[in-house]
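Report on one structure; see the data block that follows.
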Amino acid sequence: MPELPEVETIVADLRPHLVGRTIVRCELNFPTIVRHPEPEEFVDAVVGMRIDSVGRRGKYILIGLTNDLLLVVHLGMTGQLRLVDPVAPLANHTHAVFFLDDGRQLRYRDPRRFGRLLLGTEQALLSSKKMPRLGPEPIDPEFAPDELYRRLRTRRAAIKAVLLDQGAIAGVGNIYADESLHKARLRPDRIAGSLSKKSARRLHESLRESLTLAIANRGSSVDTYRGR
């Protein structure tokens with residue numbers, strides 16, 4: 001499953017090409033990939049919308065549209081979001097195609113169909129629980145070591161399980177949890193609440209270092225997650 005660095009790479013690739021574009025048509029070849037609202041309503045709502053921003057929250061791609069709407073893309077395990085020319089052959093398992101006003105197409109492909117598309121305001125998606133409430137971004141400059149310690153000290157679960165809990169910290173998965181714990185010289189099965197402030201500080205440093213380096217290297221070596 002793509003983690004924070006992979007999603008960040010895709011977002012950075014797509015942003016300069018998508019911001020300012022308008023969605024003129026949308027085709028769903030596998031409608032149930034849309035989890036909210038109903039597929040027909042989804043199509044009607046996105047057509048004519050201008051793309052104002054392309055961002056990321058945890059492992060979610062957030063495409064900001066007119067009227068404070070968010071087109072949310074979660075890639076699941078094998079999702080791909082690619083911007084292509086219209087002459088490009090339509091690959092198998094392409095479930096959604098967004099036609100843009102410059103003639104190009106934004107295509108969502110997902111062989112295993114574990115990904116999903118959502119549409120709505122942020123507040124509506126959160127209040128309806130279609131999108132979870134996420135913890136802080138570990139690469140945010142404001143996410144300090146003391147904040148990590150505070151989030152760990154009351155937890156009785158294993159430290160790796162807490163790192164994978166998106167409500168505790170957003171965007172971390174197996175790859176970077178294991179790497180960060182190894183760098184911090186911490187056992188993944190150690191109880192999170194047993195960490196001292198010094199150990200939490202070491203973990204905070206290794207987590208940020210692992211994620212920042214991975215972003216610089218455009219994510220993992222797996223080529224499933226592609227922006228274009």
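Residues in the structure tokens are named by chain (A, B, ... in the order shown) and by number from 1 within that chain; ligands are numbered from 1 in the order shown.
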**Request:** Please return as number ranges by chain: the residues of stretch 10-212 of chain A that backbone DSSP assigns to alpha helix (DSSP H).
**Result:** A: 10-18, 39-46, 122-127, 145-152, 159-164, 174-183, 197-212
**Prompt:** Skipping near chain neighbours, those fewer than 6 positions away, what residues fall within 9 Å of A:His95 using only C-alpha atoms, listed as an NGL selection string?
**Reply:** :A and (27-31 or 33 or 107-110 or 113)
**Request:** Work out how far apart atom CA of A:Phe143 and atom CA of A:Arg155 are and give it in Å to one decimal.
**Result:**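 Spanning atom CA of A:Phe143 to atom CA of A:Arg155 is a straight-line distance of 18.4 Å.
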**Request:** Using atom CA of A:Ala200 and atom CA of A:Gly219 as the two end points, give the distance in Å to one decimal.
**Result:**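 According to the coordinates, atom CA of A:Ala200 and atom CA of A:Gly219 are separated by 24.4 Å.
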**Message:** Would you pick out the contacts of A:Lys59 at 8 Å or less, using only C-alpha atoms, so that residues sharing its chain but fewer than 2 positions from it are not included, and give the list as a list in words?
**Reply:**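 Here the answer would be Pro2, Glu3, Leu4, Val7, Arg56, Arg57, Ile61, His74, Ala170 and Gly171 of chain A.
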Could those residues be written to a file, using N, CA and C atoms, as a short mmCIF file (atom, residue, chain, number, x, y, z; two decimals), in the first residue's frame?
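Saved file out.cif follows:
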data_model
loop_
_atom_site.label_atom_id
_atom_site.label_comp_id
_atom_site.auth_asym_id
_atom_site.auth_seq_id
_atom_site.Cartn_x
_atom_site.Cartn_y
_atom_site.Cartn_z
N PRO A 2 0.57 2.23 -0.83
CA PRO A 2 1.38 3.45 -0.85
C PRO A 2 1.28 4.19 0.48
N GLU A 3 2.41 4.69 0.92
CA GLU A 3 2.46 5.44 2.17
C GLU A 3 2.72 6.91 1.85
N LEU A 4 2.95 7.67 2.89
CA LEU A 4 3.09 9.12 2.75
C LEU A 4 4.04 9.54 1.62
N VAL A 7 2.51 8.88 -1.92
CA VAL A 7 1.39 9.78 -2.21
C VAL A 7 1.89 11.21 -2.41
N ARG A 56 -2.31 16.61 -0.14
CA ARG A 56 -2.27 15.30 0.49
C ARG A 56 -2.58 15.43 1.97
N ARG A 57 -3.27 14.45 2.50
CA ARG A 57 -3.49 14.33 3.95
C ARG A 57 -3.31 12.86 4.28
N ILE A 61 -5.09 11.52 -1.37
CA ILE A 61 -4.89 12.61 -2.32
C ILE A 61 -6.14 13.49 -2.27
N HIS A 74 -8.14 7.60 -2.59
CA HIS A 74 -7.32 6.68 -1.80
C HIS A 74 -6.92 5.54 -2.73
N ALA A 170 -0.53 10.32 10.86
CA ALA A 170 -1.06 10.13 9.51
C ALA A 170 0.04 9.76 8.51
N GLY A 171 -0.28 8.76 7.68
CA GLY A 171 0.56 8.51 6.50
C GLY A 171 1.59 7.41 6.61
#
Mind dumping a table of every stretch 21-72 of chain A residue within 12 Å of stretch 96-106 of chain A, with the nearest atom pair and its distance in Å to one decimal, using only C-alpha atoms, sorted by chain and rising number, as CSV?
residue,atom,partner,partner_atom,distance
A:Arg21,CA,A:Asp101,CA,6.2
A:Thr22,CA,A:Asp101,CA,5.4
A:Ile23,CA,A:Leu100,CA,4.7
A:Val24,CA,A:Leu100,CA,5.6
A:Arg25,CA,A:Phe99,CA,5.0
A:Cys26,CA,A:Phe98,CA,4.6
A:Glu27,CA,A:Val97,CA,5.2
A:Leu28,CA,A:Ala96,CA,4.5
A:Asn29,CA,A:Ala96,CA,5.9
A:Phe30,CA,A:Ala96,CA,7.1
A:Pro31,CA,A:Ala96,CA,8.0
A:Thr32,CA,A:Ala96,CA,10.4
A:Ile33,CA,A:Ala96,CA,8.3
A:Val34,CA,A:Ala96,CA,9.1
A:Pro39,CA,A:Ala96,CA,10.7
A:Phe42,CA,A:Ala96,CA,11.3
A:Val43,CA,A:Phe98,CA,9.5
A:Val46,CA,A:Phe98,CA,8.9
A:Val47,CA,A:Phe98,CA,8.7
A:Gly48,CA,A:Asp101,CA,9.4
A:Met49,CA,A:Leu100,CA,10.0
A:Arg50,CA,A:Leu100,CA,9.5
A:Ile51,CA,A:Leu100,CA,9.8
A:Ile63,CA,A:Leu106,CA,11.8
A:Leu71,CA,A:Phe98,CA,11.3
**Request:** Give me every strand (DSSP E) residue in chain A, going by DSSP on the backbone, as an MDAnalysis selection string.
**Result:** chainID A and resid 23:28 34:36 51:57 60:65 70:74 80:84 94:100 105:109 116:120
**Item:** Long-range neighbours of A:Gly173 as a list in words, 9 Å cut-off, only C-alpha atoms, 3 positions minimum in chain
**Value:** Met1, Pro2, Glu3, Leu4, Leu163, Leu164, Asp165, Gln166, Tyr176, Ala177 and Asp178 of chain A
Write the selection just made, keeping N, CA, C and O atoms, as a PDB file, in the first residue's frame?
ATOM      1  N   MET A   1       0.847  -1.191   0.000  1.00  0.00           N
ATOM      2  CA  MET A   1       0.000   0.000   0.000  1.00  0.00           C
ATOM      3  C   MET A   1       0.887   1.246   0.000  1.00  0.00           C
ATOM      4  O   MET A   1       1.856   1.311   0.752  1.00  0.00           O
ATOM      5  N   PRO A   2       0.574   2.228  -0.834  1.00  0.00           N
ATOM      6  CA  PRO A   2       1.380   3.453  -0.850  1.00  0.00           C
ATOM      7  C   PRO A   2       1.278   4.189   0.479  1.00  0.00           C
ATOM      8  O   PRO A   2       0.212   4.282   1.076  1.00  0.00           O
ATOM      9  N   GLU A   3       2.406   4.693   0.924  1.00  0.00           N
ATOM     10  CA  GLU A   3       2.456   5.436   2.168  1.00  0.00           C
ATOM     11  C   GLU A   3       2.716   6.908   1.854  1.00  0.00           C
ATOM     12  O   GLU A   3       2.691   7.321   0.698  1.00  0.00           O
ATOM     13  N   LEU A   4       2.951   7.669   2.892  1.00  0.00           N
ATOM     14  CA  LEU A   4       3.085   9.118   2.745  1.00  0.00           C
ATOM     15  C   LEU A   4       4.039   9.535   1.621  1.00  0.00           C
ATOM     16  O   LEU A   4       3.668  10.373   0.790  1.00  0.00           O
ATOM     17  N   LEU A 163       2.176   3.441  15.421  1.00  0.00           N
ATOM     18  CA  LEU A 163       2.644   4.161  14.238  1.00  0.00           C
ATOM     19  C   LEU A 163       1.736   3.896  13.033  1.00  0.00           C
ATOM     20  O   LEU A 163       1.567   4.766  12.175  1.00  0.00           O
ATOM     21  N   LEU A 164       1.158   2.700  12.963  1.00  0.00           N
ATOM     22  CA  LEU A 164       0.284   2.360  11.839  1.00  0.00           C
ATOM     23  C   LEU A 164      -1.139   2.877  12.028  1.00  0.00           C
ATOM     24  O   LEU A 164      -1.928   2.860  11.079  1.00  0.00           O
ATOM     25  N   ASP A 165      -1.466   3.328  13.219  1.00  0.00           N
ATOM     26  CA  ASP A 165      -2.797   3.874  13.510  1.00  0.00           C
ATOM     27  C   ASP A 165      -2.882   5.278  12.911  1.00  0.00           C
ATOM     28  O   ASP A 165      -2.261   6.217  13.397  1.00  0.00           O
ATOM     29  N   GLN A 166      -3.676   5.420  11.852  1.00  0.00           N
ATOM     30  CA  GLN A 166      -3.762   6.697  11.152  1.00  0.00           C
ATOM     31  C   GLN A 166      -4.384   7.799  12.001  1.00  0.00           C
ATOM     32  O   GLN A 166      -4.202   8.984  11.717  1.00  0.00           O
ATOM     33  N   TYR A 176       7.804   2.296   6.287  1.00  0.00           N
ATOM     34  CA  TYR A 176       8.489   3.369   6.998  1.00  0.00           C
ATOM     35  C   TYR A 176       8.389   3.219   8.511  1.00  0.00           C
ATOM     36  O   TYR A 176       9.240   3.740   9.235  1.00  0.00           O
ATOM     37  N   ALA A 177       7.384   2.500   9.000  1.00  0.00           N
ATOM     38  CA  ALA A 177       7.344   2.190  10.427  1.00  0.00           C
ATOM     39  C   ALA A 177       8.523   1.292  10.785  1.00  0.00           C
ATOM     40  O   ALA A 177       9.251   1.549  11.762  1.00  0.00           O
ATOM     41  N   ASP A 178       8.719   0.229  10.000  1.00  0.00           N
ATOM     42  CA  ASP A 178       9.834  -0.687  10.269  1.00  0.00           C
ATOM     43  C   ASP A 178      11.174   0.028  10.156  1.00  0.00           C
ATOM     44  O   ASP A 178      12.063  -0.146  11.002  1.00  0.00           O
TER      45      ASP A 178
END
